[in-house]
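Since the structure comes first, as structure tokens, the remarks are kept for the end.
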There are 4 protein chains.
Amino acid sequence: MAQYGPRVVVPIDLKKKPWEQKFPLHNRWHPDIPTVEVVTAGEVFRIEMVDFSGGGITKNYTAHDIKHVDLSIVHYLSGPIRVMDSDGILAKPGDLLVVEICNLGPLPGDEWGYTGTFDRENGGGFLTDHFPCATKAIWHFEGIYAHSPQIPGVRFPGLTHPGIIGTAPSMELLNIWNEREKDVEENGIESFKLCEVLHSRPLANLPSTNGCHLGKIQKGTAEWEKIAKEAARTIPGRENGGNCDIKNLSRGSKIYLPVFVEGANLSTGDMHFSQGDGEVSFCGAIEMSGFLELKCEIIRGGMKEYLTPMGPTPLHVNPIFEIGPVEPRFSEWLVFEGISVDESGRQHYLDASVAYKRAVLNAIDYLSKFGYSKEQVYLLLSCCPCEGRISGIVDAPNAVATLAIPIAIFDQDIRPKNNKVPVGPRLIKKPDVLKCTYDGNLPITRNPSATQ
Amino acid sequence: MAQYGPRVVVPIDLKKKPWEQKFPLHNRWHPDIPTVEVVTAGEVFRIEMVDFSGGGITKNYTAHDIKHVDLSIVHYLSGPIRVMDSDGILAKPGDLLVVEICNLGPLPGDEWGYTGTFDRENGGGFLTDHFPCATKAIWHFEGIYAHSPQIPGVRFPGLTHPGIIGTAPSMELLNIWNEREKDVEENGIESFKLCEVLHSRPLANLPSTNGCHLGKIQKGTAEWEKIAKEAARTIPGRENGGNCDIKNLSRGSKIYLPVFVEGANLSTGDMHFSQGDGEVSFCGAIEMSGFLELKCEIIRGGMKEYLTPMGPTPLHVNPIFEIGPVEPRFSEWLVFEGISVDESGRQHYLDASVAYKRAVLNAIDYLSKFGYSKEQVYLLLSCCPCEGRISGIVDAPNAVATLAIPIAIFDQDIRPKNNKVPVGPRLIKKPDVLKCTYDGNLPITRNPSATQ
Amino acid sequence: MAQYGPRVVVPIDLKKKPWEQKFPLHNRWHPDIPTVEVVTAGEVFRIEMVDFSGGGITKNYTAHDIKHVDLSIVHYLSGPIRVMDSDGILAKPGDLLVVEICNLGPLPGDEWGYTGTFDRENGGGFLTDHFPCATKAIWHFEGIYAHSPQIPGVRFPGLTHPGIIGTAPSMELLNIWNEREKDVEENGIESFKLCEVLHSRPLANLPSTNGCHLGKIQKGTAEWEKIAKEAARTIPGRENGGNCDIKNLSRGSKIYLPVFVEGANLSTGDMHFSQGDGEVSFCGAIEMSGFLELKCEIIRGGMKEYLTPMGPTPLHVNPIFEIGPVEPRFSEWLVFEGISVDESGRQHYLDASVAYKRAVLNAIDYLSKFGYSKEQVYLLLSCCPCEGRISGIVDAPNAVATLAIPIAIFDQDIRPKNNKVPVGPRLIKKPDVLKCTYDGNLPITRNPSATQ
Amino acid sequence: MAQYGPRVVVPIDLKKKPWEQKFPLHNRWHPDIPTVEVVTAGEVFRIEMVDFSGGGITKNYTAHDIKHVDLSIVHYLSGPIRVMDSDGILAKPGDLLVVEICNLGPLPGDEWGYTGTFDRENGGGFLTDHFPCATKAIWHFEGIYAHSPQIPGVRFPGLTHPGIIGTAPSMELLNIWNEREKDVEENGIESFKLCEVLHSRPLANLPSTNGCHLGKIQKGTAEWEKIAKEAARTIPGRENGGNCDIKNLSRGSKIYLPVFVEGANLSTGDMHFSQGDGEVSFCGAIEMSGFLELKCEIIRGGMKEYLTPMGPTPLHVNPIFEIGPVEPRFSEWLVFEGISVDESGRQHYLDASVAYKRAVLNAIDYLSKFGYSKEQVYLLLSCCPCEGRISGIVDAPNAVATLAIPIAIFDQDIRPKNNKVPVGPRLIKKPDVLKCTYDGNLPITRNPSATQ
């Protein structure tokens, strides 16, 4: 019987380390990372991937691995894959690569995931000044649904998506990245008037040989050394797509990626079973291993036709995305608002980040009235299918941001009402295993090298 | 035959000025603005309202009125209305006022609206540095649908909502507002390192007797003078709700407003036939007159039960919203991304406002390839039901924001594709009447008094 | 100020009888009923209408008016209206008339409706053998929502639509109708082996001068007499549209009607605030007065282009409908199934009507376990937005039909579960005013003239 | 590494015949078919299944296998499986078995399916008098999407579901089935006045040893012989669920099945990648092999608590279903209507089957104007996610049924319009390989033994 179903282009063996796979993984962006396969436009193919940590974070009920995670190794990516048209001609710089997500999911036999908050001194997160401790929740999958023993009373269908998908940058684009990020790393505190306490997180994550994996290129060789010193970290989303963390990029979506190098050199990783808009706790989606079934098309000359550079060079572009008709739909939402006044009462000017922070903090406080600890809610809002919106960005001085939470994911009615059912022992959702491993007396200082 | 249907609590006569109405309108927030009516919890009642400009902006095909609009008079509000329970006891400070939007729409016989961009020197907008001119589009309503002769080829159902709904602040809360906004007005450029060119817009809009209307209180009296000097402008959303511009607050939604004064003193105005997330052009929704049919409930002690102060005082709270099951649903979306790198190529640190600006600019450039001018698209994205999301807010240094546009509102297929239909004369959507009245040689300086 | 908003083409004064209106109403289909107005393609216009009974059924809490309703007068329609193109040329036989529903709703000041079950001997309904009594529920509207004191614990948004919309038949088509319906009336019991007890309802409703209204034509004149004897009753849907009772024909929908006479002669009536698929209790929607805002287009020659006759003549066609993106959406449904085995246990062959009857009976029994009487549920399933589906029509001998009910319309969780909350006094939803006026000892015989 | 993911309770090896599997399949309903496994409430487990024909219908581009299919063998089911609670106590008669569909899909490596129409003399279908020939379309899956070389220009996401899921009947229930179906088989033509030409299809499918498979029970043994003569065919849906063909029973749905024998004895099969309401061509879904991931709960005594017998015995019940929030959503639909007047122009009395037939025929004729053959559309409407509704069932004499087709599945705009694009060679969708193998001169007679 002939095999039907997609060709497996990048297989993963979960018993092996990221660098021991048939096609060793990479965790940097660089045009010279060797490609592993070539696919043809119109072909449906399968890419498998490890979780972002490559197995470093385990399903044990402890946050110790989160606290001491080596962030220099994130994120392990599968690929790069070259794409050619049906005449065998590779995608070329200036083309647009259309990647359709035909299907995706966890790897069979590995149907679990985790959500964590990093320690303030090792990664941090959007609310790290409020939640400095490492915590972790394990999620069990029941088909399309996820639930966690650490966050009881909640169950939701996953809007599963790859956190990272992108093409390789050209050297020219890579240099642009490195320069502008170096600038913020060196001058950010001053030029943005950033508060040091707030920003114990690194301002940027510059190239670092530490933890660097480049696929087939042997560690320690001269070639490796050269590339590792230049290659961009995978943490931020950029012109090539990358870590865009768009939670709706699920089944039926299309991604229109600019092509910067011959072949396009598509890489992907960081699968999320589910994520809330913003992925606020940083280790914030339900992180897992997984597979993608993809189909590519090439729009010749599509960059010029469809993307307008927004910056000093023709490379300052962004991908376009198309969301399809297949996702969980919720009909009722509870919405929390934040305005750009910070927790000290200080007014900021049309700052959507401050407004969104307030919205998330408001939601956390609110939901903690229903039997949850604030740490639990912070984890939940990082990974459940909540929507983060920029509602008003012009009404000086207040930006208004909103966080909308689908009511149906809770097993209790979370709406405000008269005669609220008191949270009795039966409703207490306190987890017994969610560990806080922050010891509380670390110096509160900025530690820009934390993730390098 | 007994009348069925809601009691009209605040009627509007469109032939009269805002201050000539049966209940003269107000355009400031202050606890001492006299209330006009009292409603009972459970009762469905109707409030009518003028457009935000009180008729100052007309349906004539010129942007002259937009360019020279007197922004000191925005926004004309209907109310304030006191709310009591079925025992006749008024809502009290500390309660939560639940306002359900049972129905809403344009005023019969006045089914039209407008969207504009203010001149950079008189109001500006989110993209005022790119689009400094005053422009205007008139929208005609065909029942639930809107279309504009100035933006042909687009038609969409309205997700109609009040831009402003809120309770009166207490004096204590009002003082907090005035102090913190004065701080940003005076120290903003310095403390936020704001670029002067970018911010020719006022940083805040402090109390001003100019243009102030206080309902029944006679202009020029001592009482008026005292209140006018204290009363907050209606431009930003704040703890009392106010100009939150949440585009999904349509039929079937509920708003949970904190109560700061006895009676709650509910005011509302600034009806929008439709708005995009962010209302980017500032005069950006489809602005119109309209009516609301509301039903109130009181949750006694609800502020303490449900809202957690986030700031130095118990008053630092925000309303909660609930979105209902009745709104236009679109199944396919084209999504534009922005990262926190500005148009000069400069890297910003996790700045969602910069990222959203990039997303909007990308969308404008993209859609201009389909026969539209950029000004047209800027207006369109301000008012069509597009979604602005904070997708990633943790992946230093790049915040990722996205703007999702429903594909179905266009009469052509706007997806990237091979063999794109060339934009021939038949498809050119250039408007002949959208006026740009900016004369191009104004000094580019910050003009903080522009709206005062 | 120029009036914006649709032209009122057919106004209704609710203080007047149907025949006293400015344009007296009609309740028959005939090509010679005089038209009242002409509209132009592209123009948005407004038609107002009375409820189907023309005020015969009142908002009093008694079913007496339902029991003794004069069904010879149903349904009072507004129109007929001629349609011409922008060159002033009328729609012609063979064209397709596109009617877009731009907006609709109850008449202002008349925001209430009713749902009833007719007495078995005067109208009956789908389940008349189970529910022989006349009953009535009054619905109050709160904007888009309806609730009834007779069916407490339920509230839902209306998917409002006109029950009847259609073009005038030509004489040729009218003759076809009258012949085929006469055949079933005369030979139905025999030819369909119908059970007499089941079918105390009339098999068809043939032309009848009794109760006939023909607009401007004076009752009792020779002209009236002639037309009244030929004119088709409005009860069934037919080739011209008519009483199609498609519950999703709400805002944003389009109806493509065949044109049989010059001008098209569009009539409409029987507004429903909401209806369940099947309208099972016959007086089953939430019946009300109302208005439509319509926009017409003419597709010249569209009947030939798009409709294929399915029968002996070119007139055997059916309209086409287009459902738009604006309706209440529910995400969770409880679904009841019926198979084509009747209540006596007898097997029927792929009979979808029997299967649907079983599905509805199953749903009624189920919901009666949650504190409702079966009469209440029968009324509810007639008018709430439930979906009736033909799930399987090929698996001999059982047709499978399903009835899906949105879970969110109830204020209790109606799903089967362990530890079901017992229905205590607090949850008992028994109505105190829903009157059953059937006296129980009427002869159970077929009464075909009941509605004539 | 511990295995995560569901336990595989019934594995399928596609290289083997249905009777050679580890747990040989069965194709009849009987309480004495041996169970193959036991599962515990709360456990997520996996059942794999063959396509309904057990591989008899192949992916070759010929309809020969459809025409000569041995229908005595349908449908091969996996199971039966016993269900116990966490205390090890089996489900008991009178309980309700809750089966949640956590996930489902095609078997990996077998991602294809087929849709066919049976020959009028061997199976037939809903429209067999119009489409007497055997035809077949092969569907290729691209993740969630299906497309067919035989029906070009169409692509849609699957709403995948098991056609058959049910519990074993008790002997008492089995006897009821056999008696009532024997009655229709013997007396149907007479008692229902059925037209012989129309119903060349069998009226029922009575027990038959021919083609019977009973799992582990050896064919030809006395035990096999006894059971085979009693066991019910799987074709119709019945009180135990069975072939209910509810197209929305996809991911996240729950099925509440009555329990008639100890252990419940759950069987399932007949996986559909997608199906239209009605499954009109009979071999009408996209038939495929597949897997289900299920989770069971037991509601003790739930039959009495929740199901009301509707017939002479307490066994005359039907399952209940719950549709979840995860399915493809379409926002625009084209709707075809049928009334209960048949193709000869004859009036039927409130017959929903006739009305639905007309609706389907209307849709077929309409879509054939867009470059398709009618056979192609008949296949398409059997398997695409179209909705079949009972819109009006009370307006004597016409039942109104509707068929709604999502517009987005076509690559051309199928709406009626002026200036329709003519169907030129480029748009002709005629398949070159869809074979019609009916030879056209078979006697048109009823052949009740065709599927036995």
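Identifiers in this document derive from the order of the structure tokens: chains are assigned A, B, ..., residues are numbered from 1 separately in each chain, and ligands are numbered from 1 in order of occurrence.
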
Any idea what's packed within 6 Å of C:Ser250, counting only C-alpha atoms, ignoring anything in its chain fewer than 2 positions away? Could you give it as an MDAnalysis selection string? chainID C and resid 160:161 248 253

Write out as a PDB file with C-alpha atoms, in the first residue's frame every residue belonging to chain C that has an atom at most 9 Å from any atom of chain B, counting only C-alpha atoms.
ATOM      1  CA  MET C   1     -31.349  69.780   7.943  1.00  0.00           C
ATOM      2  CA  ALA C   2     -31.909  67.268   5.173  1.00  0.00           C
ATOM      3  CA  GLN C   3     -33.366  64.007   6.297  1.00  0.00           C
ATOM      4  CA  TYR C   4     -30.962  61.083   6.154  1.00  0.00           C
ATOM      5  CA  GLY C   5     -32.229  57.587   6.440  1.00  0.00           C
ATOM      6  CA  PRO C   6     -34.512  55.442   4.351  1.00  0.00           C
ATOM      7  CA  LEU C  14     -50.724  50.956  15.029  1.00  0.00           C
ATOM      8  CA  LYS C  15     -53.836  52.729  16.211  1.00  0.00           C
ATOM      9  CA  VAL C  44     -32.774  52.023   0.739  1.00  0.00           C
ATOM     10  CA  ILE C 101     -32.249  43.319   4.313  1.00  0.00           C
ATOM     11  CA  CYS C 102     -30.256  46.331   5.501  1.00  0.00           C
ATOM     12  CA  ASN C 103     -31.991  46.556   8.837  1.00  0.00           C
ATOM     13  CA  LEU C 104     -35.150  45.481  10.602  1.00  0.00           C
ATOM     14  CA  PRO C 108     -40.716  51.841  17.994  1.00  0.00           C
ATOM     15  CA  GLY C 109     -43.104  51.928  20.918  1.00  0.00           C
ATOM     16  CA  ASP C 110     -44.364  48.429  20.193  1.00  0.00           C
ATOM     17  CA  GLU C 111     -41.484  46.345  21.497  1.00  0.00           C
ATOM     18  CA  TRP C 112     -43.262  43.150  22.485  1.00  0.00           C
ATOM     19  CA  HIS C 140     -40.843  41.571  26.342  1.00  0.00           C
ATOM     20  CA  PHE C 141     -37.968  43.022  24.400  1.00  0.00           C
ATOM     21  CA  GLU C 142     -34.954  44.599  26.016  1.00  0.00           C
ATOM     22  CA  GLY C 143     -33.245  45.872  22.913  1.00  0.00           C
ATOM     23  CA  ILE C 144     -31.972  42.800  21.114  1.00  0.00           C
ATOM     24  CA  TYR C 145     -33.040  40.457  23.910  1.00  0.00           C
ATOM     25  CA  PRO C 157     -30.992  37.714  21.443  1.00  0.00           C
ATOM     26  CA  ARG C 251     -29.751  41.806   8.927  1.00  0.00           C
ATOM     27  CA  GLY C 252     -27.343  41.584   6.014  1.00  0.00           C
ATOM     28  CA  GLU C 293     -35.136  48.584   5.594  1.00  0.00           C
ATOM     29  CA  LEU C 294     -34.566  47.065   2.184  1.00  0.00           C
ATOM     30  CA  LYS C 295     -32.464  47.683  -0.878  1.00  0.00           C
ATOM     31  CA  GLY C 324     -24.787  37.414   5.949  1.00  0.00           C
ATOM     32  CA  PRO C 325     -22.139  37.711   8.655  1.00  0.00           C
ATOM     33  CA  VAL C 326     -24.259  39.393  11.307  1.00  0.00           C
ATOM     34  CA  GLU C 327     -26.163  37.152  13.654  1.00  0.00           C
ATOM     35  CA  PRO C 328     -25.955  35.978  17.231  1.00  0.00           C
ATOM     36  CA  ARG C 329     -23.437  33.190  17.434  1.00  0.00           C
ATOM     37  CA  PHE C 330     -23.533  30.494  20.075  1.00  0.00           C
TER      38      PHE C 330
END

List every residue of stretch 199-355 of chain C that DSSP, applied to the backbone of this structure, places in strand (DSSP E), and write the result as a VMD selection string. chain C and resid 237 to 238 241 to 242 254 to 258 266 to 272 290 to 299 320 to 323 333 to 339

With N, CA, C and O atoms retained, write the just-selected residues as a CSV table (one decimal), in the first residue's frame.
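Output (selection-v6.csv):
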chain,number,residue,atom,x,y,z
C,237,GLY,N,-45.1,28.5,2.1
C,237,GLY,CA,-44.1,29.1,1.1
C,237,GLY,C,-44.3,28.4,-0.2
C,237,GLY,O,-44.7,27.3,-0.3
C,238,ARG,N,-44.0,29.2,-1.2
C,238,ARG,CA,-44.2,28.6,-2.6
C,238,ARG,C,-43.1,29.2,-3.5
C,238,ARG,O,-42.1,29.7,-3.1
C,241,GLY,N,-41.4,32.6,-3.1
C,241,GLY,CA,-41.0,33.0,-1.7
C,241,GLY,C,-42.1,32.8,-0.8
C,241,GLY,O,-42.6,31.7,-0.5
C,242,GLY,N,-42.7,33.9,-0.3
C,242,GLY,CA,-43.8,33.8,0.6
C,242,GLY,C,-43.4,33.4,2.0
C,242,GLY,O,-42.4,33.8,2.5
C,254,LYS,N,-29.6,38.5,1.9
C,254,LYS,CA,-30.2,38.8,0.6
C,254,LYS,C,-31.1,37.7,0.1
C,254,LYS,O,-30.9,36.6,0.4
C,255,ILE,N,-32.2,38.1,-0.6
C,255,ILE,CA,-33.1,37.2,-1.1
C,255,ILE,C,-33.2,37.4,-2.6
C,255,ILE,O,-33.4,38.5,-3.0
C,256,TYR,N,-33.1,36.3,-3.3
C,256,TYR,CA,-33.1,36.4,-4.8
C,256,TYR,C,-34.4,35.8,-5.2
C,256,TYR,O,-34.6,34.6,-5.2
C,257,LEU,N,-35.4,36.7,-5.5
C,257,LEU,CA,-36.8,36.3,-5.8
C,257,LEU,C,-37.0,36.3,-7.3
C,257,LEU,O,-36.7,37.2,-8.0
C,258,PRO,N,-37.7,35.2,-7.8
C,258,PRO,CA,-38.1,35.2,-9.2
C,258,PRO,C,-39.2,36.3,-9.4
C,258,PRO,O,-40.0,36.6,-8.5
C,266,LEU,N,-43.6,43.3,-4.9
C,266,LEU,CA,-43.0,42.7,-3.7
C,266,LEU,C,-43.9,43.0,-2.5
C,266,LEU,O,-44.3,44.1,-2.2
C,267,SER,N,-44.2,41.9,-1.7
C,267,SER,CA,-45.0,42.1,-0.5
C,267,SER,C,-44.2,41.4,0.6
C,267,SER,O,-43.5,40.5,0.4
C,268,THR,N,-44.5,41.9,1.9
C,268,THR,CA,-43.8,41.3,3.0
C,268,THR,C,-44.6,41.5,4.3
C,268,THR,O,-45.5,42.4,4.3
C,269,GLY,N,-44.4,40.7,5.2
C,269,GLY,CA,-45.2,40.7,6.5
C,269,GLY,C,-44.7,39.6,7.4
C,269,GLY,O,-43.7,39.0,7.2
C,270,ASP,N,-45.5,39.5,8.5
C,270,ASP,CA,-45.3,38.4,9.4
C,270,ASP,C,-43.9,38.5,10.1
C,270,ASP,O,-43.2,37.5,10.1
C,271,MET,N,-43.6,39.6,10.6
C,271,MET,CA,-42.3,39.8,11.2
C,271,MET,C,-42.1,38.9,12.5
C,271,MET,O,-43.1,38.8,13.3
C,272,HIS,N,-41.0,38.3,12.6
C,272,HIS,CA,-40.6,37.5,13.7
C,272,HIS,C,-39.4,38.1,14.5
C,272,HIS,O,-38.4,38.3,13.9
C,290,GLY,N,-43.5,45.4,12.9
C,290,GLY,CA,-42.0,45.7,12.7
C,290,GLY,C,-41.8,46.5,11.5
C,290,GLY,O,-42.7,47.0,10.8
C,291,PHE,N,-40.5,46.7,11.2
C,291,PHE,CA,-40.1,47.5,10.0
C,291,PHE,C,-39.0,46.7,9.4
C,291,PHE,O,-38.2,46.0,10.0
C,292,LEU,N,-38.9,46.9,8.1
C,292,LEU,CA,-37.8,46.4,7.3
C,292,LEU,C,-37.2,47.6,6.5
C,292,LEU,O,-37.9,48.5,6.0
C,293,GLU,N,-35.8,47.7,6.5
C,293,GLU,CA,-35.1,48.6,5.6
C,293,GLU,C,-34.5,47.7,4.5
C,293,GLU,O,-33.6,46.9,4.8
C,294,LEU,N,-34.9,47.9,3.3
C,294,LEU,CA,-34.6,47.1,2.2
C,294,LEU,C,-33.8,47.8,1.1
C,294,LEU,O,-34.0,49.1,1.0
C,295,LYS,N,-33.1,47.1,0.3
C,295,LYS,CA,-32.5,47.7,-0.9
C,295,LYS,C,-32.6,46.6,-2.0
C,295,LYS,O,-32.2,45.5,-1.8
C,296,CYS,N,-33.1,47.0,-3.1
C,296,CYS,CA,-33.3,46.1,-4.2
C,296,CYS,C,-32.3,46.3,-5.3
C,296,CYS,O,-31.9,47.4,-5.6
C,297,GLU,N,-32.0,45.2,-6.0
C,297,GLU,CA,-31.3,45.2,-7.3
C,297,GLU,C,-32.1,44.3,-8.2
C,297,GLU,O,-32.9,43.4,-7.8
C,298,ILE,N,-32.0,44.5,-9.5
C,298,ILE,CA,-32.6,43.7,-10.5
C,298,ILE,C,-31.5,43.0,-11.3
C,298,ILE,O,-30.6,43.6,-11.8
C,299,ILE,N,-31.6,41.6,-11.3
C,299,ILE,CA,-30.7,40.9,-12.3
C,299,ILE,C,-31.6,40.5,-13.5
C,299,ILE,O,-32.4,39.7,-13.4
C,320,ILE,N,-33.6,31.9,-4.0
C,320,ILE,CA,-32.3,31.6,-3.4
C,320,ILE,C,-32.1,32.7,-2.3
C,320,ILE,O,-32.6,33.8,-2.4
C,321,PHE,N,-31.4,32.3,-1.3
C,321,PHE,CA,-31.1,33.2,-0.2
C,321,PHE,C,-29.6,33.3,0.1
C,321,PHE,O,-28.9,32.3,-0.1
C,322,GLU,N,-29.2,34.4,0.7
C,322,GLU,CA,-27.8,34.5,1.1
C,322,GLU,C,-27.8,35.0,2.6
C,322,GLU,O,-28.4,36.1,2.9
C,323,ILE,N,-27.1,34.3,3.4
C,323,ILE,CA,-27.1,34.6,4.8
C,323,ILE,C,-25.8,35.4,5.0
C,323,ILE,O,-24.7,35.0,4.6
C,333,TRP,N,-23.9,23.8,22.0
C,333,TRP,CA,-25.3,23.4,21.6
C,333,TRP,C,-25.6,22.0,22.2
C,333,TRP,O,-24.7,21.2,22.2
C,334,LEU,N,-26.8,21.9,22.7
C,334,LEU,CA,-27.3,20.5,23.1
C,334,LEU,C,-28.2,20.1,22.0
C,334,LEU,O,-29.1,20.8,21.6
C,335,VAL,N,-27.9,18.8,21.6
C,335,VAL,CA,-28.6,18.3,20.3
C,335,VAL,C,-29.4,17.1,20.6
C,335,VAL,O,-29.0,16.2,21.2
C,336,PHE,N,-30.7,17.2,20.2
C,336,PHE,CA,-31.6,16.1,20.4
C,336,PHE,C,-31.9,15.4,19.0
C,336,PHE,O,-32.0,16.1,18.0
C,337,GLU,N,-32.0,14.1,19.1
C,337,GLU,CA,-32.1,13.4,17.8
C,337,GLU,C,-33.4,12.7,17.8
C,337,GLU,O,-34.0,12.4,18.8
C,338,GLY,N,-33.9,12.6,16.5
C,338,GLY,CA,-35.1,11.8,16.3
C,338,GLY,C,-34.9,10.9,15.1
C,338,GLY,O,-34.2,11.3,14.2
C,339,ILE,N,-35.5,9.7,15.2
C,339,ILE,CA,-35.4,8.8,14.0
C,339,ILE,C,-36.9,8.6,13.5
C,339,ILE,O,-37.8,8.9,14.3

Which of stretch 172-393 of chain D DSSP labels alpha helix (DSSP H), written as a VMD selection string: chain D and resid 172 to 191 222 to 230 302 to 306 352 to 367 374 to 383

All C-alpha atoms, paired in order, least-squares superposition of chain C on chain B: what RMSD does that give? 0.1 Å

Nearest to D:Val259, chosen from D:Leu315, D:Ala399, D:Ile405, D:Val154, with only C-alpha atoms counted in the distances: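 Of the candidates, the smallest distance to D:Val259 is held by D:Leu315.
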
Which residues come within 8 Å of stretch 217-230 of chain C, counting only C-alpha atoms, excluding same-chain residues fewer than 4 positions away, as a list of chain:residue names? C:Arg28, C:His30, C:Asp32, C:Ile33, C:Pro34, C:Leu174, C:Asn178, C:Pro207, C:Ser208, C:Thr209, C:Cys212, C:His213

Take the residues that were just selected and, keeping N, CA and C atoms, output them as a PDB file, in the first residue's frame.
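File produced: result_12.pdb:
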ATOM      1  N   ARG C  28     -53.586  38.023   0.684  1.00  0.00           N
ATOM      2  CA  ARG C  28     -53.648  36.994  -0.353  1.00  0.00           C
ATOM      3  C   ARG C  28     -52.567  37.277  -1.388  1.00  0.00           C
ATOM      4  N   HIS C  30     -51.991  37.515  -5.391  1.00  0.00           N
ATOM      5  CA  HIS C  30     -52.699  37.584  -6.661  1.00  0.00           C
ATOM      6  C   HIS C  30     -52.036  38.674  -7.495  1.00  0.00           C
ATOM      7  N   ASP C  32     -53.314  40.769  -9.410  1.00  0.00           N
ATOM      8  CA  ASP C  32     -54.092  41.982  -9.589  1.00  0.00           C
ATOM      9  C   ASP C  32     -54.314  42.789  -8.319  1.00  0.00           C
ATOM     10  N   ILE C  33     -53.684  42.399  -7.249  1.00  0.00           N
ATOM     11  CA  ILE C  33     -53.745  43.257  -6.061  1.00  0.00           C
ATOM     12  C   ILE C  33     -52.984  44.534  -6.394  1.00  0.00           C
ATOM     13  N   PRO C  34     -53.604  45.694  -6.218  1.00  0.00           N
ATOM     14  CA  PRO C  34     -52.972  46.941  -6.693  1.00  0.00           C
ATOM     15  C   PRO C  34     -51.682  47.245  -5.933  1.00  0.00           C
ATOM     16  N   LEU C 174     -50.440  31.043 -10.322  1.00  0.00           N
ATOM     17  CA  LEU C 174     -51.518  30.959  -9.339  1.00  0.00           C
ATOM     18  C   LEU C 174     -52.408  29.745  -9.623  1.00  0.00           C
ATOM     19  N   ASN C 178     -53.279  26.597  -7.122  1.00  0.00           N
ATOM     20  CA  ASN C 178     -54.626  26.239  -6.699  1.00  0.00           C
ATOM     21  C   ASN C 178     -54.972  24.797  -7.066  1.00  0.00           C
ATOM     22  N   PRO C 207     -58.238  29.016  -1.705  1.00  0.00           N
ATOM     23  CA  PRO C 207     -58.743  30.390  -1.761  1.00  0.00           C
ATOM     24  C   PRO C 207     -60.107  30.490  -1.070  1.00  0.00           C
ATOM     25  N   SER C 208     -60.321  31.598  -0.417  1.00  0.00           N
ATOM     26  CA  SER C 208     -61.542  31.766   0.354  1.00  0.00           C
ATOM     27  C   SER C 208     -61.847  33.256   0.440  1.00  0.00           C
ATOM     28  N   THR C 209     -63.043  33.622   0.126  1.00  0.00           N
ATOM     29  CA  THR C 209     -63.410  35.031   0.237  1.00  0.00           C
ATOM     30  C   THR C 209     -63.510  35.447   1.692  1.00  0.00           C
ATOM     31  N   CYS C 212     -60.883  37.776   3.426  1.00  0.00           N
ATOM     32  CA  CYS C 212     -59.949  38.225   2.389  1.00  0.00           C
ATOM     33  C   CYS C 212     -59.825  39.749   2.356  1.00  0.00           C
ATOM     34  N   HIS C 213     -58.601  40.233   2.332  1.00  0.00           N
ATOM     35  CA  HIS C 213     -58.322  41.657   2.149  1.00  0.00           C
ATOM     36  C   HIS C 213     -57.396  41.825   0.962  1.00  0.00           C
TER      37      HIS C 213
END
